[in-house]
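This report refers to the structure that appears directly beneath it.
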Amino acid sequence: MTSVPRFTVPPSGEAVNVRGLVKEYKDGTRANRGIDLQVRRGEIVAVLGPNGAGKTTFLRQLTTELRPSGGEISVFGIDVIREPQKAKRLMGITPQEAGTFESLTARQHLQLFARLKGLSRKQSIAATAEIGEVLGLTEHFWKPVGSLSGGQRRRILIGLALIGHPPLLVLDEPTTGLDPASRQAVWNVLRQAVIDGTTIVFSTHYMEEAERLSDRIAIIDTGRVIAFGTVRELVSRLQDSYRLSYHDPASGNGHLRVQRFATFADVQVQIQRLRLSEYSIARASLEDVYFELAGHQFQNDDEPAEVLQ
Amino acid sequence: MTRRLIDIFCVFQIQLARLRREAGPFLLASVVFPLVMYMFTSAIGVPGAGMAGAALDPAHRMRFLSGSIVFSLSLTAISWLGYLLLENRFTGRLKLFATLPLAPSSYVTGIFLFALAQAGIGTTVLITVARAFGVRTSVSVPGALLLVAIIVLTVLCVCGIAVIIAARARSFSEGSLLTDALGAGLVFLAPVYSPPEALPRPLELFSRMLPTTYAARGVQTTLLGGSGVGLDLLTLAVMAAITLALGFRVMRWQED
């Protein structure tokens, strides 16, 4: 059986190195205002942020689709701005709004794009079989993509990124529109890819996805990385990291109240003071961190996506 | 080089899959409409002529057939292909190509190859069907080569225009309006179905800038067995070089 080749990764350099990345459009709108981000080899980094924060702009710049106005980006030491074709050879990319070719079958998609990635005919057949297997697409191989569901098409797009084992995967909201089982399947595939040595940068709106899948999380807001670290590191940044939830005895209809406290002792004092019999205590989650740092954006949600004046 | 050829062929194959699926509308654009135009122009071309153009002399018949071939090329290489390119761009399919280490020129060349295949099918079917209507061509082997050269240059020329529109249009509707208008305009503003002297003087002067003028004259000459198409070939080659150069230049993966 023909094996699927792996791309040769340059021996030195971080997987992704971004410094002072800026995007300013001709009309003066600034989408990114100086993004700094270093991604180590073999880690999964999730990019979070409200709509219009600059996530997709950043990923489009990283994948060479959008020319930066300033700053530097390199992938495994290769300058993405100066050598986009060379950099793309090291990347598997799933854009947020990519379309499939309705008249091609799932198999044709994978096989033709494998060929376009530089695999030989035999290798592309082997790679197509492999990706079809891991993404559960084999039974749909012979159907035109036009007859497949949105989730199945999304899996094909992820398959196109994965095919040929690129050392870096850049996925813009990869599991949007997938049902829970498909999402879990994609997570498993991505985890396996990392075990095999792949580095992954992905954006998502799902906190659970970021928390369960990634090693580190970058929160982008107003075109800058405002926080970057592991979930534990991000949570430790919160001053009040204990959350007490209870039905407020003072209100007649028992409204649910959530209060935050710096220490567990403070929580206990509050429980005793209110004489609560039913309550729950939780440590702050990534969602709390997110709302604390970037939650204000929801008040301005009518601003155009990806463009911040 | 081999890598580039594989890329071009893959892009061609992807577009070809669509042609297989949408063969009906393609034949409508490349054969049925031009054939109807042939019958229409034959009917009105000479007073008293029937639908099959029985009373027409060979020169008239050949003018209408060559006009219909150029009409077919224009419909498929600008309107149809432009629509396909616009759809690729505005439905996110182009993004898939942009994610690959694929040169934009390979994508454009694959598209040109596809357009040439379409033109080959359309022209062959039209000439074959025309024979059923009693139109006899007298094309020698060198004449056939000249005909192929004219068709290739015409297709490249109008394809270049389609690529420019598809790459520059601000919206799908804007782009499809432009390609439709150009597809029809290139035929009806040029002496494709009529002799140049039948056009009003300003239009006749304007038509000298249109590739379809030279394409129609060249196709007609070769179908009549002539070989004096040097000037037409040269003009088409210059026009094709200009539109191709612009087409390759405007087609980029990276946005500013």
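Chain labels run A, B, ... following the order of the structure tokens; each chain numbers its residues from 1, and ligands are numbered from 1 in the order shown.
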* To do: Using only C-alpha atoms, find the residues of chain B whose closest atom to chain A is at most 6 Å away, then write them as a ChimeraX atom specification.
  => /B:7,17-18,91-93,95,99,101,254-256
Given the selection you just returned, output its residues as a file containing N, CA and C atoms, formatted as an mmCIF file, in the first residue's frame.
data_model
loop_
_atom_site.group_PDB
_atom_site.id
_atom_site.type_symbol
_atom_site.label_atom_id
_atom_site.label_comp_id
_atom_site.auth_asym_id
_atom_site.auth_seq_id
_atom_site.Cartn_x
_atom_site.Cartn_y
_atom_site.Cartn_z
ATOM 1 N N ASP B 7 -1.063 20.821 -12.063
ATOM 2 C CA ASP B 7 -1.956 21.825 -11.466
ATOM 3 C C ASP B 7 -2.995 22.300 -12.486
ATOM 4 N N ALA B 17 -15.956 18.717 -14.636
ATOM 5 C CA ALA B 17 -16.996 17.979 -13.909
ATOM 6 C C ALA B 17 -18.295 18.771 -13.936
ATOM 7 N N ARG B 18 -18.164 20.067 -13.885
ATOM 8 C CA ARG B 18 -19.346 20.911 -13.913
ATOM 9 C C ARG B 18 -19.995 20.886 -15.305
ATOM 10 N N THR B 91 -18.783 32.403 -4.215
ATOM 11 C CA THR B 91 -19.314 31.342 -3.357
ATOM 12 C C THR B 91 -18.191 30.712 -2.519
ATOM 13 N N GLY B 92 -17.009 31.303 -2.559
ATOM 14 C CA GLY B 92 -15.919 30.826 -1.706
ATOM 15 C C GLY B 92 -15.107 29.691 -2.299
ATOM 16 N N ARG B 93 -15.436 29.279 -3.546
ATOM 17 C CA ARG B 93 -14.665 28.178 -4.146
ATOM 18 C C ARG B 93 -13.248 28.623 -4.498
ATOM 19 N N LYS B 95 -11.522 30.513 -2.807
ATOM 20 C CA LYS B 95 -10.729 30.474 -1.579
ATOM 21 C C LYS B 95 -10.045 29.130 -1.398
ATOM 22 N N THR B 99 -6.011 28.486 -0.909
ATOM 23 C CA THR B 99 -5.359 27.850 0.244
ATOM 24 C C THR B 99 -4.193 26.958 -0.188
ATOM 25 N N PRO B 101 -0.743 25.717 -2.521
ATOM 26 C CA PRO B 101 0.461 26.302 -3.128
ATOM 27 C C PRO B 101 0.358 26.271 -4.652
ATOM 28 N N GLN B 254 -3.897 36.955 -3.205
ATOM 29 C CA GLN B 254 -3.785 37.816 -2.027
ATOM 30 C C GLN B 254 -4.572 39.110 -2.216
ATOM 31 N N GLU B 255 -5.326 39.468 -1.193
ATOM 32 C CA GLU B 255 -6.069 40.732 -1.229
ATOM 33 C C GLU B 255 -5.271 41.810 -0.522
ATOM 34 N N ASP B 256 -5.504 43.035 -0.992
ATOM 35 C CA ASP B 256 -4.898 44.170 -0.303
ATOM 36 C C ASP B 256 -5.855 44.707 0.746
#
* Mind the document's chain letters and residue numbers, and return as a ChimeraX atom specification the residues of segment 97-263 of chain A that DSSP labels strand (DSSP E or B). => /A:105,144,168-172,199-203,216-221,224-229,242-247,256-261
How about saving the chosen residues, C-alpha atoms kept, as a CSV table (one decimal), in the first residue's frame?
chain,number,residue,atom,x,y,z
A,105,THR,CA,-17.9,13.9,-5.4
A,144,PRO,CA,-21.9,14.6,-5.6
A,168,LEU,CA,0.6,23.4,10.4
A,169,LEU,CA,-3.2,23.5,10.3
A,170,VAL,CA,-5.0,26.8,10.3
A,171,LEU,CA,-8.7,26.4,10.7
A,172,ASP,CA,-11.2,29.2,10.9
A,199,THR,CA,0.7,22.3,15.0
A,200,ILE,CA,-2.9,23.7,15.0
A,201,VAL,CA,-4.1,27.3,15.1
A,202,PHE,CA,-7.9,27.6,15.0
A,203,SER,CA,-10.6,30.1,15.8
A,216,ARG,CA,-3.1,27.6,24.9
A,217,ILE,CA,-5.8,30.2,24.1
A,218,ALA,CA,-5.3,33.6,22.6
A,219,ILE,CA,-8.1,36.1,23.2
A,220,ILE,CA,-8.3,38.8,20.5
A,221,ASP,CA,-10.2,42.0,21.0
A,224,ARG,CA,-4.9,42.9,19.6
A,225,VAL,CA,-4.1,39.8,21.6
A,226,ILE,CA,-5.4,40.8,25.0
A,227,ALA,CA,-4.6,37.5,26.7
A,228,PHE,CA,-2.6,34.4,25.8
A,229,GLY,CA,-2.0,31.4,27.9
A,242,TYR,CA,-14.9,31.7,42.6
A,243,ARG,CA,-18.5,31.8,41.5
A,244,LEU,CA,-21.4,31.4,43.8
A,245,SER,CA,-24.8,30.7,42.1
A,246,TYR,CA,-28.0,30.7,44.2
A,247,HIS,CA,-31.7,31.7,44.0
A,256,LEU,CA,-30.9,33.2,40.0
A,257,ARG,CA,-27.9,35.3,41.2
A,258,VAL,CA,-24.3,34.8,40.4
A,259,GLN,CA,-21.6,36.4,42.5
A,260,ARG,CA,-17.9,36.2,42.3
A,261,PHE,CA,-15.3,36.1,45.1
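Closest approach to Val155 of chain B among B:Leu35, B:Ala241, B:Ala130, B:Ile44: B:Ala241, based on only C-alpha atoms.
For Ser194 of chain B, the non-local neighbours within 12 Å, defined as residues at least 6 positions apart in the same chain or in other chains and counting only C-alpha atoms, are B:Tyr38, B:Thr41, B:Ser42, B:Ile44, B:Gly45, B:Val46, B:Ala59, B:His60, B:Arg61, B:Met62, B:Arg63, B:Phe64, B:Leu65, B:Ser66, B:Gly67, B:Ser68, B:Val187, B:Phe188, B:Pro200, B:Glu204, B:Ser207, B:Thr213, B:Ala216, B:Arg217, B:Gln220.
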Would you write out those residues with C-alpha atoms, as a PDB file, in the first residue's frame?
ATOM      1  CA  TYR B  38     -28.309  31.038 -38.042  1.00  0.00           C
ATOM      2  CA  THR B  41     -30.435  35.452 -40.138  1.00  0.00           C
ATOM      3  CA  SER B  42     -30.890  33.032 -43.034  1.00  0.00           C
ATOM      4  CA  ILE B  44     -34.239  37.481 -43.067  1.00  0.00           C
ATOM      5  CA  GLY B  45     -30.921  37.599 -44.906  1.00  0.00           C
ATOM      6  CA  VAL B  46     -32.423  37.326 -48.383  1.00  0.00           C
ATOM      7  CA  ALA B  59     -21.091  33.287 -49.220  1.00  0.00           C
ATOM      8  CA  HIS B  60     -24.178  34.344 -47.276  1.00  0.00           C
ATOM      9  CA  ARG B  61     -24.573  30.917 -45.751  1.00  0.00           C
ATOM     10  CA  MET B  62     -20.979  30.920 -44.722  1.00  0.00           C
ATOM     11  CA  ARG B  63     -21.277  34.406 -43.233  1.00  0.00           C
ATOM     12  CA  PHE B  64     -24.227  33.308 -41.110  1.00  0.00           C
ATOM     13  CA  LEU B  65     -22.526  30.069 -40.086  1.00  0.00           C
ATOM     14  CA  SER B  66     -19.297  31.832 -39.161  1.00  0.00           C
ATOM     15  CA  GLY B  67     -21.369  34.479 -37.352  1.00  0.00           C
ATOM     16  CA  SER B  68     -23.087  31.739 -35.368  1.00  0.00           C
ATOM     17  CA  VAL B 187     -21.548  39.949 -31.391  1.00  0.00           C
ATOM     18  CA  PHE B 188     -24.112  42.619 -32.191  1.00  0.00           C
ATOM     19  CA  PRO B 200     -23.306  52.736 -39.732  1.00  0.00           C
ATOM     20  CA  GLU B 204     -18.055  50.263 -38.265  1.00  0.00           C
ATOM     21  CA  SER B 207     -16.129  47.458 -34.439  1.00  0.00           C
ATOM     22  CA  THR B 213     -14.883  41.455 -36.105  1.00  0.00           C
ATOM     23  CA  ALA B 216     -15.967  36.375 -37.891  1.00  0.00           C
ATOM     24  CA  ARG B 217     -13.999  37.421 -40.979  1.00  0.00           C
ATOM     25  CA  GLN B 220     -15.744  32.872 -42.818  1.00  0.00           C
TER      26      GLN B 220
END
* What lies within 8 Å of Val194 of chain A using only C-alpha atoms, ignoring chain neighbours under 4 positions off, as number ranges by chain? -> A: 42-44, 190, 198-200
If you keep C-alpha atoms, can you produce a file of those selected residues as an mmCIF file, in the first residue's frame?
data_model
loop_
_atom_site.group_PDB
_atom_site.id
_atom_site.type_symbol
_atom_site.label_atom_id
_atom_site.label_comp_id
_atom_site.auth_asym_id
_atom_site.auth_seq_id
_atom_site.Cartn_x
_atom_site.Cartn_y
_atom_site.Cartn_z
ATOM 1 C CA GLY A 42 3.152 20.632 18.187
ATOM 2 C CA GLU A 43 0.712 22.696 20.212
ATOM 3 C CA ILE A 44 -2.913 23.606 19.592
ATOM 4 C CA LEU A 190 -7.211 17.043 15.306
ATOM 5 C CA THR A 198 1.081 18.773 13.589
ATOM 6 C CA THR A 199 0.662 22.272 15.011
ATOM 7 C CA ILE A 200 -2.851 23.722 14.961
#
* Within 10 Å of Gly132 of chain A, counting only C-alpha atoms, which residues show up once you throw out same-chain ones fewer than 5 positions away? Write them as an MDAnalysis selection string, please. => chainID A and resid 106:107 110 126:127 137:141 155:156 159 163
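The interatomic distance for the pair atom CA of Arg168 of chain B and atom CA of Pro25 of chain B works out to 25.7 Å.
The interatomic distance for the pair atom CA of Phe133 of chain B and atom CA of Ala43 of chain B works out to 12.9 Å.
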Using only C-alpha atoms, which protein or nucleic acid residues come within 10 Å of Arg208 of chain B? Drop anything in the same chain fewer than 4 positions from it, and give the result as a short mmCIF file (atom, residue, chain, number, x, y, z; two decimals) with C-alpha atoms, in the first residue's frame.
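Now in out36.cif:
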data_model
loop_
_atom_site.label_atom_id
_atom_site.label_comp_id
_atom_site.auth_asym_id
_atom_site.auth_seq_id
_atom_site.Cartn_x
_atom_site.Cartn_y
_atom_site.Cartn_z
CA ALA B 190 -19.42 43.89 -34.70
CA PRO B 191 -19.99 42.81 -38.31
CA PRO B 196 -18.80 45.66 -42.30
CA LEU B 203 -20.20 51.63 -35.48
CA GLU B 204 -18.05 50.26 -38.26
CA THR B 212 -15.26 39.36 -32.92
CA THR B 213 -14.88 41.45 -36.10
CA TYR B 214 -11.64 39.66 -36.99
CA THR B 235 -4.85 41.30 -34.82
#
* **Residue neighbourhood Arg33 of chain A, 9 Å, only C-alpha atoms, exclusion window fewer than 2 positions, as an NGL selection string** => :A and (20-24 or 30-31 or 35 or 222-224)
* Structure fact -> For Ala98 of chain B, the closest of B:Cys10, B:Met251, B:Ile151, B:Leu177 counting only C-alpha atoms is B:Met251
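As for atom CA of Ser285 of chain A and atom CA of Ala262 of chain A, they are spaced 13.8 Å apart.
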* To do: Step one, run DSSP on the backbone; step two, keep only residues of segment 62-156 of chain A assigned to alpha helix (DSSP H); then write them as JSON, numbers by chain.
  => {"A": [62, 84, 85, 86, 87, 88, 106, 107, 108, 109, 110, 111, 112, 113, 114, 115, 116, 121, 122, 123, 124, 125, 126, 127, 128, 129, 130, 131, 132, 133, 134, 150, 151, 152, 153, 154, 155, 156]}
